[in-house]
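File shown: query.tsv (TSV, C-alpha atoms).
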chain	number	residue	atom	x	y	z
A	1	MET	CA	26.69	154.04	121.30
A	2	ALA	CA	30.49	154.20	121.51
A	3	LYS	CA	32.55	151.06	121.76
A	4	GLU	CA	34.33	150.28	124.97
A	5	TYR	CA	37.92	149.11	124.85
A	6	PHE	CA	39.48	146.70	127.29
A	7	VAL	CA	42.95	145.55	128.19
A	8	GLU	CA	43.66	141.93	129.16
A	9	LEU	CA	45.94	142.13	132.17
A	10	ALA	CA	46.69	139.62	134.96
A	11	GLY	CA	43.96	137.29	133.74
A	12	LYS	CA	41.18	139.90	133.66
A	13	SER	CA	39.57	142.11	131.06
A	14	ARG	CA	39.74	145.70	132.35
A	15	LEU	CA	37.90	148.72	130.90
A	16	LEU	CA	40.11	151.45	129.43
A	17	ARG	CA	39.01	155.08	129.57
A	18	TYR	CA	41.14	157.98	128.36
A	19	THR	CA	40.00	161.59	128.82
A	20	ARG	CA	41.44	165.04	128.27
A	21	GLN	CA	42.75	164.96	131.87
A	22	GLU	CA	44.91	161.91	131.10
A	23	ARG	CA	46.35	163.72	128.10
A	24	VAL	CA	47.20	166.79	130.21
A	25	GLU	CA	48.91	164.69	132.87
A	26	ILE	CA	50.85	162.50	130.42
A	27	GLU	CA	52.12	165.56	128.54
A	28	ALA	CA	53.19	167.28	131.79
A	29	ARG	CA	54.82	164.17	133.26
A	30	PHE	CA	56.79	163.20	130.14
A	31	ASN	CA	57.39	166.79	128.98
A	32	CYS	CA	56.18	166.11	125.44
A	33	ASP	CA	52.98	166.11	123.42
A	34	LEU	CA	50.83	162.99	123.32
A	35	ARG	CA	51.92	162.06	119.79
A	36	THR	CA	55.60	162.08	120.88
A	37	PHE	CA	54.71	160.07	124.00
A	38	VAL	CA	53.01	157.38	121.90
A	39	TYR	CA	55.28	157.20	118.84
A	40	GLU	CA	58.68	157.95	120.38
A	41	LEU	CA	58.55	156.96	124.05
A	42	ALA	CA	56.03	154.12	124.34
A	43	PHE	CA	56.08	152.67	120.80
A	44	PRO	CA	59.03	154.03	118.79
A	45	MET	CA	58.62	153.95	115.05
A	46	LYS	CA	60.99	151.86	112.96
A	47	GLU	CA	61.35	151.58	109.20
A	48	LYS	CA	60.40	148.21	107.79
A	49	ASP	CA	59.92	147.53	104.08
A	50	GLY	CA	59.95	151.26	103.37
A	51	LYS	CA	57.19	152.02	105.91
A	52	GLN	CA	57.26	153.42	109.43
A	53	VAL	CA	55.79	150.86	111.86
A	54	PRO	CA	55.39	151.05	115.65
A	55	THR	CA	57.50	148.72	117.77
A	56	LEU	CA	57.10	147.56	121.35
A	57	GLY	CA	60.68	148.47	122.21
A	58	GLY	CA	59.81	151.70	124.00
A	59	ARG	CA	60.39	152.82	127.56
A	60	LEU	CA	58.73	150.51	130.06
A	61	GLU	CA	57.78	153.50	132.23
A	62	ALA	CA	55.86	154.99	129.29
A	63	GLN	CA	54.12	151.69	128.50
A	64	GLU	CA	53.10	151.22	132.15
A	65	ALA	CA	51.88	154.82	132.29
A	66	LEU	CA	49.79	154.31	129.13
A	67	ILE	CA	47.95	151.42	130.76
A	68	PHE	CA	47.71	153.09	134.19
A	69	TYR	CA	46.17	156.29	132.83
A	70	GLY	CA	43.57	154.21	130.98
A	71	LEU	CA	42.64	152.18	134.06
A	72	ARG	CA	42.79	154.68	136.92
A	73	HIS	CA	39.14	155.67	136.46
A	74	ALA	CA	38.27	152.42	138.27
A	75	GLY	CA	39.18	153.95	141.63
A	76	PRO	CA	41.98	154.90	144.02
A	77	LYS	CA	43.17	151.31	144.43
A	78	ILE	CA	44.46	151.39	140.85
A	79	THR	CA	47.98	152.77	141.21
A	80	GLU	CA	51.00	152.56	138.94
A	81	GLU	CA	52.47	150.02	141.36
A	82	VAL	CA	49.38	147.82	140.97
A	83	VAL	CA	49.49	148.12	137.17
A	84	SER	CA	53.21	147.26	137.21
A	85	ARG	CA	52.45	144.16	139.30
A	86	TRP	CA	49.66	143.12	136.90
A	87	MET	CA	52.03	143.54	133.97
A	88	GLN	CA	54.60	141.35	135.72
A	89	GLU	CA	51.95	138.70	136.48
A	90	THR	CA	50.96	138.73	132.81
A	91	VAL	CA	54.57	138.12	131.76
A	92	GLU	CA	55.07	135.34	134.32
A	93	LYS	CA	51.88	133.47	133.43
A	94	VAL	CA	52.66	130.24	131.60
A	95	GLY	CA	50.22	129.39	128.84
A	96	PRO	CA	49.00	125.99	127.61
A	97	ASP	CA	51.93	125.90	125.18
A	98	GLY	CA	54.35	125.97	128.13
A	99	LYS	CA	55.67	129.40	127.18
A	100	GLY	CA	55.66	132.45	129.41
A	101	GLY	CA	53.23	135.27	128.83
A	102	ASN	CA	53.90	138.56	127.09
A	103	LEU	CA	52.53	142.05	127.05
A	104	TYR	CA	52.13	142.46	123.29
A	105	VAL	CA	48.35	142.02	123.30
A	106	SER	CA	47.86	144.16	126.43
A	107	LEU	CA	49.96	147.01	125.04
A	108	SER	CA	48.24	146.76	121.65
A	109	GLN	CA	44.85	146.96	123.33
A	110	ALA	CA	45.93	150.02	125.34
A	111	ILE	CA	47.19	151.89	122.28
A	112	VAL	CA	44.01	151.09	120.34
A	113	GLY	CA	41.92	152.34	123.29
A	114	LEU	CA	43.93	155.57	123.38
A	115	LEU	CA	43.64	156.11	119.62
A	116	ALA	CA	39.91	155.39	119.71
A	117	SER	CA	39.44	158.00	122.46
A	118	GLY	CA	40.20	160.74	119.94
A	119	LEU	CA	42.79	162.39	122.21
A	120	LEU	CA	45.32	162.50	119.39
A	121	GLY	CA	42.86	164.57	117.40
A	122	TRP	CA	41.72	161.86	115.02
A	123	ASN	CA	39.95	158.51	115.15
A	124	PRO	CA	41.57	156.02	112.77
A	125	PRO	CA	39.58	153.04	111.51
A	126	LEU	CA	40.55	150.31	113.96
A	127	ALA	CA	38.97	147.32	112.28
A	128	LYS	CA	37.46	146.53	108.90
A	129	ASP	CA	33.95	146.58	110.38
A	130	ASP	CA	34.17	149.89	112.28
A	131	ASP	CA	32.03	151.72	109.73
A	132	GLU	CA	29.39	149.01	109.37
A	133	ASP	CA	26.07	148.69	111.19
A	134	ASP	CA	26.03	147.96	114.92
A	135	GLU	CA	24.70	144.43	114.44
A	136	GLY	CA	27.16	141.87	115.78
A	137	LYS	CA	29.68	144.45	116.96
A	138	ALA	CA	31.15	144.79	120.44
A	139	GLN	CA	29.27	147.74	121.90
A	140	ALA	CA	29.24	149.19	125.38
A	141	GLY	CA	28.31	146.53	127.89
A	142	GLU	CA	28.85	143.70	125.43
A	143	GLY	CA	32.48	142.96	126.16
A	144	PRO	CA	35.78	143.78	124.53
A	145	ALA	CA	35.94	145.21	121.05
A	146	LYS	CA	37.99	143.22	118.55
A	147	VAL	CA	41.59	144.39	118.73
A	148	GLU	CA	44.41	143.11	116.58
A	149	PRO	CA	47.78	143.11	118.40
A	150	ILE	CA	50.63	145.22	117.11
A	151	LYS	CA	52.95	143.08	115.02
A	152	ARG	CA	56.31	142.59	116.71
A	153	THR	CA	59.24	143.85	114.64
A	154	GLY	CA	62.99	143.68	115.08
Could you show the structure in this file as structure tokens?
Amino acid sequence: MAKEYFVELAGKSRLLRYTRQERVEIEARFNCDLRTFVYELAFPMKEKDGKQVPTLGGRLEAQEALIFYGLRHAGPKITEEVVSRWMQETVEKVGPDGKGGNLYVSLSQAIVGLLASGLLGWNPPLAKDDDEDDEGKAQAGEGPAKVEPIKRTG
């Protein structure tokens, strides 16, 4: 059974689902292929220690769209305006450490969900245990799969 991927947004864990239709619409809207959308618009690549690494310094519109297209399967009440509001609520939420929230984990979860969907034409290993037996793994209906956030650079 395939893993389900979730995004933590506005205090809730929300199921992500990316299909071929989302790819078609993203490519038409942003006038580029999905790889360019991900690695140039939403998460531009930057050289660090001789390697290309994704950053979170991309266009906010692209980052919001990435999350919206993954969540819209939940029904017509999920609009880009609603997703934008949830993202703002996430940023404004003050944690136990007294600091404001951030979107790094949410955006990391969305990109992992998109990559795991196979829409880019390949399914990278997303965690050390992805190729192991199903025992103890987050499977469909068992909650969020383990997702490591993208490391912030620059």
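The residue set within 12 Å of Glu81 (chain A), counting all atoms listed in the file and dropping same-chain residues fewer than 6 places from it, reads Glu61, Glu64, Ala65, Ile67, Phe68, Arg72, Met87 and Gln88 of chain A.
By chain and then residue number, the residues within 8 Å of Leu15 (chain A) are Glu4, Tyr5, Phe6, Val7, Gly70 and Leu71 of chain A, counting all atoms listed in the file and disregarding those fewer than 3 positions away in sequence.
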Determine, counting only C-alpha atoms, which protein, DNA and RNA residues have an atom within 10 Å of an atom of Glu8 (chain A); residues of the same chain fewer than 4 positions away are not included. Present the result as a PyMOL selection string. chain A and resi 12-15+86-87+90+103+105-107+109-110+144
For those residues, write C-alpha atoms to a file as a tab-separated table (two decimals), in the frame of the given file.
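Output (part.tsv):
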chain	number	residue	atom	x	y	z
A	12	LYS	CA	41.18	139.90	133.66
A	13	SER	CA	39.57	142.11	131.06
A	14	ARG	CA	39.74	145.70	132.35
A	15	LEU	CA	37.90	148.72	130.90
A	86	TRP	CA	49.66	143.12	136.90
A	87	MET	CA	52.03	143.54	133.97
A	90	THR	CA	50.96	138.73	132.81
A	103	LEU	CA	52.53	142.05	127.05
A	105	VAL	CA	48.35	142.02	123.30
A	106	SER	CA	47.86	144.16	126.43
A	107	LEU	CA	49.96	147.01	125.04
A	109	GLN	CA	44.85	146.96	123.33
A	110	ALA	CA	45.93	150.02	125.34
A	144	PRO	CA	35.78	143.78	124.53
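Taking CA of Ser108 (chain A) and CA of Met45 (chain A) as endpoints, the distance between them is 14.2 Å.
Taking all atoms listed in the file into account, Ala62 (chain A) lies nearest to A:Leu41 out of the set A:Tyr104, A:Leu16, A:Leu41, A:Thr36.
Computed from the coordinates, the CA of Lys77 (chain A) to CA of Glu92 (chain A) distance equals 22.3 Å.
The two atoms in question, CA of Ala116 (chain A) and CA of Glu47 (chain A), are spaced 24.2 Å apart.
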